[in-house]
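Structure file start22.cif; described as mmCIF, C-alpha atoms and all ligand atoms.
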data_start
loop_
_atom_site.label_atom_id
_atom_site.label_comp_id
_atom_site.auth_asym_id
_atom_site.auth_seq_id
_atom_site.Cartn_x
_atom_site.Cartn_y
_atom_site.Cartn_z
CA MET A 96 18.84 -11.10 10.83
CA LYS A 97 15.77 -11.07 8.67
CA ASP A 98 14.71 -7.62 7.56
CA LYS A 99 11.49 -6.73 9.35
CA TYR A 100 9.97 -5.71 6.07
CA GLU A 101 10.65 -9.03 4.33
CA GLN A 102 7.43 -10.53 5.66
CA LEU A 103 5.52 -7.44 4.53
CA LYS A 104 6.84 -7.93 0.98
CA GLU A 105 6.05 -11.64 1.06
CA GLU A 106 2.47 -10.93 2.16
CA ALA A 107 2.04 -8.40 -0.66
CA LEU A 108 3.23 -10.99 -3.17
CA LYS A 109 0.71 -13.53 -1.83
CA ALA A 110 -2.11 -10.96 -1.95
CA VAL A 111 -1.63 -10.51 -5.71
CA GLN A 112 -3.47 -13.80 -6.17
CA ASN A 113 -6.58 -12.39 -4.44
CA ALA A 114 -7.17 -9.70 -7.07
CA TYR A 115 -10.58 -9.46 -8.71
CA SER A 116 -9.70 -7.86 -12.03
CA PRO A 117 -11.85 -9.23 -14.89
CA TYR A 118 -11.70 -5.86 -16.72
CA SER A 119 -8.03 -4.93 -16.64
CA ASN A 120 -6.60 -8.40 -16.00
CA ILE A 121 -4.01 -6.63 -13.87
CA LYS A 122 -3.42 -8.21 -10.48
CA ILE A 123 -2.00 -6.03 -7.70
CA GLY A 124 -1.33 -6.95 -4.10
CA ALA A 125 -0.50 -4.79 -1.12
CA ALA A 126 0.40 -5.34 2.50
CA VAL A 127 0.49 -2.73 5.25
CA MET A 128 2.23 -2.84 8.59
CA ALA A 129 -0.09 -1.24 11.11
CA GLY A 130 0.73 0.54 14.33
CA SER A 131 0.15 -2.63 16.35
CA GLY A 132 2.71 -4.45 14.22
CA LYS A 133 0.01 -6.55 12.57
CA ILE A 134 0.06 -6.95 8.79
CA TYR A 135 -3.09 -6.47 6.69
CA THR A 136 -3.27 -7.33 3.01
CA GLY A 137 -5.33 -6.16 0.08
CA ALA A 138 -5.82 -6.74 -3.62
CA ASN A 139 -7.40 -4.66 -6.36
CA ILE A 140 -11.16 -5.23 -6.51
CA GLU A 141 -12.65 -4.02 -9.78
CA ASN A 142 -16.24 -3.22 -10.63
CA ALA A 143 -18.31 -3.02 -13.82
CA SER A 144 -18.88 0.61 -12.81
CA PHE A 145 -15.18 1.42 -13.09
CA GLY A 146 -15.27 4.27 -10.59
CA ALA A 147 -16.26 1.79 -7.90
CA THR A 148 -12.97 -0.09 -8.34
CA ILE A 149 -10.77 -0.14 -5.24
CA CYS A 150 -6.98 -0.39 -5.47
CA ALA A 151 -5.01 -2.98 -3.51
CA GLU A 152 -3.37 -0.30 -1.38
CA ARG A 153 -6.65 1.23 -0.24
CA THR A 154 -8.15 -2.21 0.36
CA ALA A 155 -5.32 -3.03 2.76
CA ILE A 156 -5.31 0.38 4.46
CA VAL A 157 -9.07 0.36 5.01
CA LYS A 158 -8.94 -3.17 6.40
CA ALA A 159 -6.36 -2.04 8.96
CA MET A 160 -8.02 1.24 9.92
CA SER A 161 -11.44 -0.38 10.24
CA GLU A 162 -9.93 -2.76 12.79
CA LYS A 163 -9.08 0.24 14.99
CA GLU A 164 -5.41 0.46 14.06
CA GLN A 165 -4.02 3.91 14.82
CA TYR A 166 -1.73 4.34 11.82
CA ILE A 167 0.19 2.58 9.05
CA SER A 168 3.97 2.42 9.39
CA ALA A 169 4.86 0.88 6.01
CA ILE A 170 3.30 -0.53 2.85
CA ALA A 171 4.53 -2.98 0.19
CA ILE A 172 2.91 -3.02 -3.25
CA THR A 173 3.53 -5.44 -6.10
CA GLY A 174 1.71 -7.03 -8.97
CA ASP A 175 1.64 -9.39 -11.89
CA ILE A 176 2.97 -6.65 -14.15
CA ASN A 177 6.30 -6.00 -15.85
CA ASP A 178 6.74 -2.64 -14.20
CA TYR A 179 6.82 -1.24 -10.71
CA ALA A 180 3.41 -1.14 -9.02
CA PHE A 181 3.51 2.50 -7.99
CA PRO A 182 0.42 3.72 -6.13
CA CYS A 183 -2.06 5.96 -7.95
CA GLY A 184 -2.77 9.51 -6.82
CA ILE A 185 -5.84 8.61 -4.79
CA CYS A 186 -3.94 5.92 -2.89
CA ARG A 187 -1.06 8.32 -2.19
CA GLN A 188 -3.56 10.75 -0.69
CA VAL A 189 -5.12 8.00 1.45
CA MET A 190 -1.64 6.98 2.58
CA SER A 191 -0.97 10.57 3.66
CA GLU A 192 -4.00 10.37 5.95
CA PHE A 193 -2.65 7.42 7.93
CA MET A 194 1.13 7.36 7.34
CA LYS A 195 3.89 9.68 8.50
CA LYS A 196 5.78 11.58 5.83
CA ASP A 197 8.86 9.39 6.33
CA ALA A 198 6.89 6.11 6.32
CA LEU A 199 8.29 3.53 3.92
CA ILE A 200 6.67 2.48 0.65
CA PHE A 201 8.11 -0.59 -1.10
CA VAL A 202 7.24 -1.28 -4.74
CA SER A 203 8.06 -4.09 -7.13
CA GLY A 204 6.65 -6.05 -10.06
CA ASN A 205 7.37 -9.29 -11.91
CA ASP A 206 11.01 -10.27 -11.40
CA LEU A 207 11.86 -6.74 -10.28
CA LYS A 208 13.92 -5.90 -7.23
CA TRP A 209 12.04 -3.99 -4.57
CA LYS A 210 12.49 -0.23 -4.56
CA GLN A 211 12.04 1.77 -1.38
CA TYR A 212 10.65 5.28 -0.99
CA GLN A 213 9.34 7.52 1.73
CA LEU A 214 5.81 8.87 1.43
CA LYS A 215 7.10 12.43 1.16
CA GLU A 216 9.01 11.44 -2.00
CA LEU A 217 5.90 10.05 -3.72
CA LEU A 218 3.54 12.75 -2.44
CA PRO A 219 5.44 15.95 -1.68
CA ASN A 220 3.59 18.93 -0.27
CA SER A 221 0.59 16.78 0.55
CA PHE A 222 -2.81 18.03 1.65
CA ASP A 223 -2.56 16.88 5.27
CA PHE A 224 -5.19 18.27 7.62
CA TYR A 225 -4.93 15.56 10.30
CA ALA A 226 -1.15 15.20 10.55
CA SER A 227 -1.17 15.61 14.31
CA LYS A 228 -3.31 12.48 14.75
CA LYS A 229 -0.70 10.12 13.34
CA GLY A 230 1.39 7.95 15.60
CA SER A 231 5.15 7.74 15.56
ZN ZN B 1 -4.69 3.41 -6.14
#
Write out the structure in this file as C-alpha cells.
Amino acid sequence: MKDKYEQLKEEALKAVQNAYSPYSNIKIGAAVMAGSGKIYTGANIENASFGATICAERTAIVKAMSEKEQYISAIAITGDINDYAFPCGICRQVMSEFMKKDALIFVSGNDLKWKQYQLKELLPNSFDFYASKKGS
C-alpha cells in the first residue's frame, strides 16, 4: 500500500520548480495536507525588499487556510539544496498556529532521504494561544 504521505512528498518536489528566487538562487518547495485531505503547494517567493520574502512553507499554509481549511495535518518541505530544507523559525511558529503538536513534518533535499519529525520536536514549548481551535 502506498504511504499516504508519498503524494505529499511528490507534490513538494514538484513545487520546488515554482520558486521565485533571483536573489538567493535557492529553490524550496512545500506541500501541506489540509484538514479536508486536499494538498496545497507553495514555493519560496523572494522580494527585492528582503523582508517581504515569503518561504515555501508559509506560501502553502496560507494558500490552504485562505481556502477555509480548518487545519494542516502534515507538511513536506524540500529544495534544490544539498542539505535538509528545515523550516525557519517564523515558519515553525506559523505551523504551530494551524498544526497539532504531533503533526508530521517531512524534510529532504537533493538526493537525501526524507526525514520525519513532529512539530513539537522542531518547536518545543511553542507560543500557542489558539491551540483549542485546531482540529484532530
Ligand atoms: Zn520559513
So that each row is one residue of chain A with an atom at most 6 Å from ligand ZN 1 (chain B), can you give its shortest atom pair and the distance in Å to one decimal, using only C-alpha atoms and all ligand atoms, rows by chain and rising number, as a tab-separated table?
residue	atom	partner	partner_atom	distance
A:Cys150	CA	B:ZN1	ZN	4.5
A:Pro182	CA	B:ZN1	ZN	5.1
A:Cys183	CA	B:ZN1	ZN	4.1
A:Ile185	CA	B:ZN1	ZN	5.5
A:Cys186	CA	B:ZN1	ZN	4.2
Using all atoms listed in the file, which residue out of A:Met160, A:Ile123, A:Ser131, A:Thr154 lies closest to A:Val111?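 Closest to A:Val111 of all the choices is A:Ile123.
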Counting only C-alpha atoms, I want the residues whose atoms come within 10 Å of (2.3, 6.4, 5.6) in the file frame, returned as a ChimeraX atom specification. /A:127-129,156,166-170,187-200,213-215,229
Using all atoms listed in the file, the residue out of A:Leu103, A:Ala159, A:Leu207, A:Ala143 with shortest distance to A:Tyr179 is A:Leu207
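One distance worth recording is that between atom CA of A:Lys99 and atom CA of A:Gln211, which is 13.7 Å.
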Interatomic distance between atom CA of A:Asn205 and atom CA of A:Gly174? 6.8 Å
Write out as a PyMOL selection string the residues lying within 7 Å of A:Ala114, counting all atoms listed in the file and excluding same-chain residues fewer than 2 positions away. chain A and resi 111-112+116+122-123+138-140
Pull C-alpha atoms from the residues just selected and write them as a short mmCIF file (atom, residue, chain, number, x, y, z; two decimals), in the frame of the given file.
data_model
loop_
_atom_site.label_atom_id
_atom_site.label_comp_id
_atom_site.auth_asym_id
_atom_site.auth_seq_id
_atom_site.Cartn_x
_atom_site.Cartn_y
_atom_site.Cartn_z
CA VAL A 111 -1.63 -10.51 -5.71
CA GLN A 112 -3.47 -13.80 -6.17
CA SER A 116 -9.70 -7.86 -12.03
CA LYS A 122 -3.42 -8.21 -10.48
CA ILE A 123 -2.00 -6.03 -7.70
CA ALA A 138 -5.82 -6.74 -3.62
CA ASN A 139 -7.40 -4.66 -6.36
CA ILE A 140 -11.16 -5.23 -6.51
#
Could you tell me how far atom CA of A:Glu162 sits from atom CA of A:Trp209, in Å to one decimal place?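 Computed distance, atom CA of A:Trp209 to atom CA of A:Glu162, equals 28.0 Å.
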Of the candidates A:Ala151, A:Ala125, A:Val157, A:Leu217, which shows the shortest atom-to-atom distance to A:Glu106, using all atoms listed in the file? A:Ala125
Top pick for closest residue to A:Lys104, considering A:Glu141, A:Asp178, A:Thr173, A:Ser221 and counting only C-alpha atoms: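 Of the candidates, the smallest distance to A:Lys104 is held by A:Thr173.
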